[in-house]
file run.cif (mmCIF, C-alpha atoms)
data_start
loop_
_atom_site.group_PDB
_atom_site.id
_atom_site.type_symbol
_atom_site.label_atom_id
_atom_site.label_comp_id
_atom_site.auth_asym_id
_atom_site.auth_seq_id
_atom_site.Cartn_x
_atom_site.Cartn_y
_atom_site.Cartn_z
ATOM 1 C CA MET Z 1 -33.600 49.634 72.700
ATOM 2 C CA ASN Z 2 -31.417 51.967 70.662
ATOM 3 C CA THR Z 3 -30.680 51.650 66.955
ATOM 4 C CA VAL Z 4 -27.386 49.791 67.348
ATOM 5 C CA GLU Z 5 -29.000 47.310 69.757
ATOM 6 C CA ALA Z 6 -31.797 46.649 67.251
ATOM 7 C CA ILE Z 7 -29.242 46.130 64.467
ATOM 8 C CA MET Z 8 -27.240 43.640 66.538
ATOM 9 C CA LYS Z 9 -30.334 41.785 67.818
ATOM 10 C CA ARG Z 10 -32.164 41.505 64.455
ATOM 11 C CA HIS Z 11 -32.077 38.100 62.804
ATOM 12 C CA SER Z 12 -34.184 36.115 60.366
ATOM 13 C CA TYR Z 13 -36.888 34.129 62.111
ATOM 14 C CA ARG Z 14 -38.264 31.097 60.263
ATOM 15 C CA GLY Z 15 -40.180 29.454 63.111
ATOM 16 C CA LYS Z 16 -43.778 29.418 64.260
ATOM 17 C CA TYR Z 17 -45.535 32.502 65.621
ATOM 18 C CA LYS Z 18 -47.772 32.961 68.653
ATOM 19 C CA ASN Z 19 -51.475 33.338 67.960
ATOM 20 C CA GLU Z 20 -51.466 37.008 69.066
ATOM 21 C CA ALA Z 21 -52.684 39.813 66.850
ATOM 22 C CA VAL Z 22 -50.272 42.586 65.924
ATOM 23 C CA PRO Z 23 -51.963 45.899 66.796
ATOM 24 C CA LYS Z 24 -52.674 48.185 63.829
ATOM 25 C CA ASP Z 25 -50.705 50.961 65.539
ATOM 26 C CA ASP Z 26 -47.609 48.728 65.529
ATOM 27 C CA LEU Z 27 -48.119 47.877 61.850
ATOM 28 C CA ILE Z 28 -48.448 51.591 61.078
ATOM 29 C CA THR Z 29 -45.249 52.335 63.018
ATOM 30 C CA ILE Z 30 -43.417 49.607 61.087
ATOM 31 C CA MET Z 31 -44.701 50.857 57.725
ATOM 32 C CA LYS Z 32 -43.883 54.494 58.532
ATOM 33 C CA ALA Z 33 -40.329 53.418 59.357
ATOM 34 C CA GLY Z 34 -40.126 51.659 55.985
ATOM 35 C CA LEU Z 35 -41.447 54.649 54.095
ATOM 36 C CA ALA Z 36 -38.943 56.929 55.897
ATOM 37 C CA ALA Z 37 -36.039 55.090 54.222
ATOM 38 C CA PRO Z 38 -33.848 56.916 51.715
ATOM 39 C CA SER Z 39 -34.978 56.748 48.100
ATOM 40 C CA GLY Z 40 -32.843 57.226 44.986
ATOM 41 C CA CYS Z 41 -33.508 60.706 43.573
ATOM 42 C CA ASN Z 42 -36.483 60.819 45.949
ATOM 43 C CA LYS Z 43 -38.601 58.797 43.485
ATOM 44 C CA GLN Z 44 -40.198 56.951 46.447
ATOM 45 C CA THR Z 45 -40.726 53.768 44.451
ATOM 46 C CA THR Z 46 -41.649 51.629 47.465
ATOM 47 C CA SER Z 47 -45.231 51.063 48.623
ATOM 48 C CA LEU Z 48 -46.535 48.749 51.337
ATOM 49 C CA ILE Z 49 -49.609 46.687 52.147
ATOM 50 C CA ALA Z 50 -50.125 45.459 55.705
ATOM 51 C CA VAL Z 51 -52.240 42.337 56.001
ATOM 52 C CA ASP Z 52 -53.830 41.464 59.331
ATOM 53 C CA ASP Z 53 -57.033 39.830 58.106
ATOM 54 C CA LEU Z 54 -56.594 36.080 58.670
ATOM 55 C CA GLU Z 55 -58.692 35.185 55.611
ATOM 56 C CA VAL Z 56 -56.523 37.369 53.349
ATOM 57 C CA LEU Z 57 -53.383 35.880 54.913
ATOM 58 C CA LYS Z 58 -54.748 32.385 54.279
ATOM 59 C CA ARG Z 59 -55.297 33.281 50.610
ATOM 60 C CA LEU Z 60 -51.735 34.622 50.336
ATOM 61 C CA PHE Z 61 -50.281 31.481 51.922
ATOM 62 C CA SER Z 62 -52.318 29.337 49.507
ATOM 63 C CA VAL Z 63 -50.282 30.598 46.520
ATOM 64 C CA MET Z 64 -46.886 30.093 48.193
ATOM 65 C CA ASP Z 65 -45.130 26.791 47.668
ATOM 66 C CA PRO Z 66 -44.165 26.069 50.355
ATOM 67 C CA PRO Z 67 -45.940 28.689 52.463
ATOM 68 C CA VAL Z 68 -43.522 30.718 54.604
ATOM 69 C CA GLY Z 69 -44.397 32.293 57.923
ATOM 70 C CA GLU Z 70 -47.837 30.699 57.651
ATOM 71 C CA THR Z 71 -48.556 31.028 61.375
ATOM 72 C CA ALA Z 72 -47.846 34.785 61.444
ATOM 73 C CA PRO Z 73 -50.834 36.887 62.498
ATOM 74 C CA ALA Z 74 -49.779 39.743 60.218
ATOM 75 C CA ALA Z 75 -47.529 40.525 57.287
ATOM 76 C CA ILE Z 76 -46.316 43.375 55.165
ATOM 77 C CA CYS Z 77 -46.105 43.017 51.405
ATOM 78 C CA VAL Z 78 -43.542 45.261 49.754
ATOM 79 C CA LEU Z 79 -44.345 46.713 46.342
ATOM 80 C CA THR Z 80 -42.101 48.557 43.932
ATOM 81 C CA GLU Z 81 -42.538 50.683 40.841
ATOM 82 C CA ARG Z 82 -39.711 50.581 38.309
ATOM 83 C CA ILE Z 83 -39.229 54.321 37.750
ATOM 84 C CA ILE Z 84 -36.235 55.757 35.904
ATOM 85 C CA ALA Z 85 -34.535 58.199 38.266
ATOM 86 C CA TYR Z 86 -31.231 59.553 36.957
ATOM 87 C CA ARG Z 87 -29.135 58.915 33.846
ATOM 88 C CA ASP Z 88 -31.471 56.095 32.800
ATOM 89 C CA LYS Z 89 -30.951 54.320 36.140
ATOM 90 C CA CYS Z 90 -33.661 52.813 38.292
ATOM 91 C CA TYR Z 91 -33.051 52.623 42.032
ATOM 92 C CA ALA Z 92 -36.147 50.618 42.929
ATOM 93 C CA VAL Z 93 -34.142 47.700 44.378
ATOM 94 C CA GLN Z 94 -32.083 50.001 46.592
ATOM 95 C CA ASP Z 95 -35.248 51.851 47.626
ATOM 96 C CA TYR Z 96 -37.178 48.796 48.738
ATOM 97 C CA ALA Z 97 -34.101 47.182 50.327
ATOM 98 C CA ALA Z 98 -33.616 50.263 52.523
ATOM 99 C CA ALA Z 99 -37.328 50.261 53.402
ATOM 100 C CA ILE Z 100 -37.235 46.556 54.317
ATOM 101 C CA GLU Z 101 -34.213 46.994 56.572
ATOM 102 C CA ASN Z 102 -35.879 49.922 58.357
ATOM 103 C CA MET Z 103 -38.970 47.767 58.896
ATOM 104 C CA LEU Z 104 -36.975 44.759 60.130
ATOM 105 C CA LEU Z 105 -35.199 46.945 62.684
ATOM 106 C CA THR Z 106 -38.498 48.428 63.832
ATOM 107 C CA ILE Z 107 -40.054 44.958 64.043
ATOM 108 C CA THR Z 108 -37.149 43.912 66.284
ATOM 109 C CA GLU Z 109 -37.426 47.025 68.437
ATOM 110 C CA LEU Z 110 -41.153 46.417 68.971
ATOM 111 C CA GLY Z 111 -40.487 42.846 70.151
ATOM 112 C CA TYR Z 112 -41.682 40.991 67.044
ATOM 113 C CA SER Z 113 -39.900 38.621 64.684
ATOM 114 C CA SER Z 114 -39.817 38.406 60.896
ATOM 115 C CA CYS Z 115 -37.868 37.223 57.883
ATOM 116 C CA TRP Z 116 -37.139 38.924 54.543
ATOM 117 C CA TYR Z 117 -38.724 36.648 51.922
ATOM 118 C CA GLU Z 118 -37.868 37.876 48.450
ATOM 119 C CA GLY Z 119 -36.369 35.000 46.461
ATOM 120 C CA HIS Z 120 -39.313 32.853 47.498
ATOM 121 C CA ILE Z 121 -41.677 35.506 46.092
ATOM 122 C CA CYS Z 122 -39.856 36.586 42.926
ATOM 123 C CA GLY Z 123 -39.173 33.183 41.385
ATOM 124 C CA ASP Z 124 -40.251 31.801 38.028
ATOM 125 C CA ASP Z 125 -43.498 30.493 39.553
ATOM 126 C CA ARG Z 126 -44.744 34.134 39.755
ATOM 127 C CA THR Z 127 -45.754 33.881 43.408
ATOM 128 C CA GLY Z 128 -45.419 37.644 43.865
ATOM 129 C CA TYR Z 129 -47.749 38.239 40.918
ATOM 130 C CA LYS Z 130 -50.324 35.796 42.344
ATOM 131 C CA MET Z 131 -50.122 37.526 45.724
ATOM 132 C CA ALA Z 132 -50.487 40.920 44.052
ATOM 133 C CA GLN Z 133 -53.652 39.697 42.316
ATOM 134 C CA ILE Z 134 -55.156 38.678 45.673
ATOM 135 C CA LEU Z 135 -54.370 42.170 47.028
ATOM 136 C CA ASN Z 136 -55.711 44.010 43.934
ATOM 137 C CA VAL Z 137 -52.316 45.545 43.167
ATOM 138 C CA PRO Z 138 -52.227 47.440 39.835
ATOM 139 C CA ASP Z 139 -49.998 45.984 37.104
ATOM 140 C CA ASN Z 140 -47.482 48.857 37.243
ATOM 141 C CA TYR Z 141 -46.420 47.646 40.723
ATOM 142 C CA GLU Z 142 -44.483 44.478 41.496
ATOM 143 C CA LEU Z 143 -44.826 42.614 44.787
ATOM 144 C CA VAL Z 144 -41.192 41.869 45.657
ATOM 145 C CA CYS Z 145 -41.101 40.919 49.330
ATOM 146 C CA PHE Z 146 -43.192 39.345 52.059
ATOM 147 C CA LEU Z 147 -42.482 40.051 55.748
ATOM 148 C CA PRO Z 148 -44.445 37.839 58.167
ATOM 149 C CA ILE Z 149 -44.764 39.584 61.550
ATOM 150 C CA GLY Z 150 -45.545 38.206 64.969
ATOM 151 C CA LYS Z 151 -44.213 37.076 68.321
ATOM 152 C CA ALA Z 152 -41.833 34.140 68.052
ATOM 153 C CA ILE Z 153 -42.820 30.889 69.741
ATOM 154 C CA GLU Z 154 -39.371 29.364 69.719
ATOM 155 C CA GLU Z 155 -35.843 30.607 70.144
ATOM 156 C CA MET Z 156 -33.989 30.175 66.867
ATOM 157 C CA PRO Z 157 -30.231 29.731 66.778
ATOM 158 C CA VAL Z 158 -28.608 32.887 65.450
ATOM 159 C CA VAL Z 159 -26.437 32.269 62.402
ATOM 160 C CA GLN Z 160 -22.794 32.967 63.163
ATOM 161 C CA ARG Z 161 -21.386 35.865 61.206
ATOM 162 C CA LYS Z 162 -17.809 36.055 60.012
ATOM 163 C CA SER Z 163 -15.597 38.095 62.277
ATOM 164 C CA PHE Z 164 -15.292 41.851 61.890
ATOM 165 C CA GLU Z 165 -11.617 41.434 60.895
ATOM 166 C CA GLU Z 166 -12.563 39.101 58.014
ATOM 167 C CA ARG Z 167 -14.927 41.632 56.457
ATOM 168 C CA ALA Z 168 -13.916 45.155 57.474
ATOM 169 C CA TRP Z 169 -10.654 47.092 57.185
ATOM 170 C CA PHE Z 170 -9.244 50.586 57.418
ATOM 171 C CA ASN Z 171 -7.509 52.413 54.555
ATOM 172 C CA GLY Z 172 -7.614 49.561 52.041
ATOM 173 C CA PHE Z 173 -8.553 45.946 51.451
ATOM 174 C CA ARG Z 174 -6.744 43.429 53.643
ATOM 175 C CA LYS Z 175 -7.090 39.680 53.213
#

call {"tool": "encode", "arguments": {"input": "run.cif", "output": "structure tokens"}}
result
Amino acid sequence: MNTVEAIMKRHSYRGKYKNEAVPKDDLITIMKAGLAAPSGCNKQTTSLIAVDDLEVLKRLFSVMDPPVGETAPAAICVLTERIIAYRDKCYAVQDYAAAIENMLLTITELGYSSCWYEGHICGDDRTGYKMAQILNVPDNYELVCFLPIGKAIEEMPVVQRKSFEERAWFNGFRK
């Protein structure tokens, strides 16, 4: 699969996962792809924790309400550090978003499925903080995203995107 094929095939998967372990080498490949993403002013504010221990996963799911991806045999937790980069700006959100997209494309290329769970983690109920506590994450990091990873059991309908012509133009905005 080439990059464009992975981009076009990638979609959010919210179904059940097969009970098949994700090899550590695949998790490493996925994480390396995430860490290869561009980073504002090269501050490299994104860090990652792969979780493939079923007991640790069970503990993470226990603090989610409702649990998401709870049948996944592995997951990656995305951490960020809020570091000022340039002219009092922090690019942590852009950094981790680029890392997540790289990982989602790699997950697709390797034949796995996933979903970008951020809003579910960063809400007022402090789920991300609770997950970070389980993973012994220092307080200067924030757990901002959870990517369950595994082989999909079911085929999910792909959400229809607006047409190219509705969202992309040449030489100026056209509506």

call {"tool": "resolve_selection", "arguments": {"input": "run.cif", "expression": "the PyMOL selection byres ((chain Z and resi 153) around 6)", "output": "number ranges by chain"}}
result
Z: 16-18, 152, 154

call {"tool": "resolve_selection", "arguments": {"input": "run.cif", "expression": "the PyMOL selection byres ((chain Z and resi 135-148) around 9)", "output": "MDAnalysis selection string"}}
result
chainID Z and resid 47 49 56 60 68:82 96 100 104 113:122 127:134 149:150

call {"tool": "closest_residue", "arguments": {"input": "run.cif", "among": "Z:Pro67, Z:Ala37, Z:Gln160, Z:Ala21", "to": "Asp52 (chain Z)", "atoms": "only C-alpha atoms"}}
result
Z:Ala21

call {"tool": "residues_around", "arguments": {"input": "run.cif", "residues": "Ser39 (chain Z)", "least_positions_apart": "2", "cutoff": "6 Å", "atoms": "all atoms listed in the file", "output": "VMD selection string"}}
result
chain Z and resid 42 44 95

call {"tool": "closest_residue", "arguments": {"input": "run.cif", "among": "Z:Asp125, Z:Glu165, Z:Glu101, Z:Glu155", "to": "Thr3 (chain Z)", "atoms": "only C-alpha atoms"}}
result
Z:Glu101

call {"tool": "resolve_selection", "arguments": {"input": "run.cif", "expression": "the PyMOL selection byres ((chain Z and resi 30) around 10)", "output": "list in words"}}
result
Lys24, Asp25, Asp26, Leu27, Ile28, Thr29, Met31, Lys32, Ala33, Gly34, Leu35, Ala50, Ile76, Ala99, Ile100, Asn102, Met103, Leu104, Leu105, Thr106, Ile107, Thr108, Glu109 and Leu110 of chain Z

call {"tool": "closest_residue", "arguments": {"input": "run.cif", "among": "Z:Val22, Z:Ala168, Z:Ile7, Z:Met1", "to": "Tyr112 (chain Z)", "atoms": "only C-alpha atoms"}}
result
Z:Val22

call {"tool": "atom_distance", "arguments": {"input": "run.cif", "atom1": "CA of Glu55 (chain Z)", "atom2": "CA of Gly111 (chain Z)"}}
result
24.5 Å

call {"tool": "atom_distance", "arguments": {"input": "run.cif", "atom1": "CA of Leu48 (chain Z)", "atom2": "CA of Ala97 (chain Z)"}}
result
12.6 Å

call {"tool": "atom_distance", "arguments": {"input": "run.cif", "atom1": "CA of Gln94 (chain Z)", "atom2": "CA of Cys41 (chain Z)"}}
result
11.2 Å

call {"tool": "axis_aligned_box", "arguments": {"input": "run.cif", "around": "region 63-66 of chain Z", "padding_each_side": "3 Å", "output": "JSON"}}
result
{"center_x": -47.2, "center_y": 28.3, "center_z": 48.4, "size_x": 12.1, "size_y": 10.5, "size_z": 9.8}

call {"tool": "closest_residue", "arguments": {"input": "run.cif", "among": "Z:Pro38, Z:Phe164, Z:Asn19, Z:Ile84", "to": "Leu54 (chain Z)", "atoms": "only C-alpha atoms"}}
result
Z:Asn19

call {"tool": "closest_residue", "arguments": {"input": "run.cif", "among": "Z:Lys43, Z:Lys89, Z:Arg161, Z:Lys58", "to": "His11 (chain Z)", "atoms": "only C-alpha atoms"}}
result
Z:Arg161

call {"tool": "residues_around", "arguments": {"input": "run.cif", "residues": "Ile83 (chain Z)", "least_positions_apart": "3", "cutoff": "8 Å", "atoms": "only C-alpha atoms", "output": "list in words"}}
result
Lys43, Thr45, Cys90, Tyr91 and Ala92 of chain Z
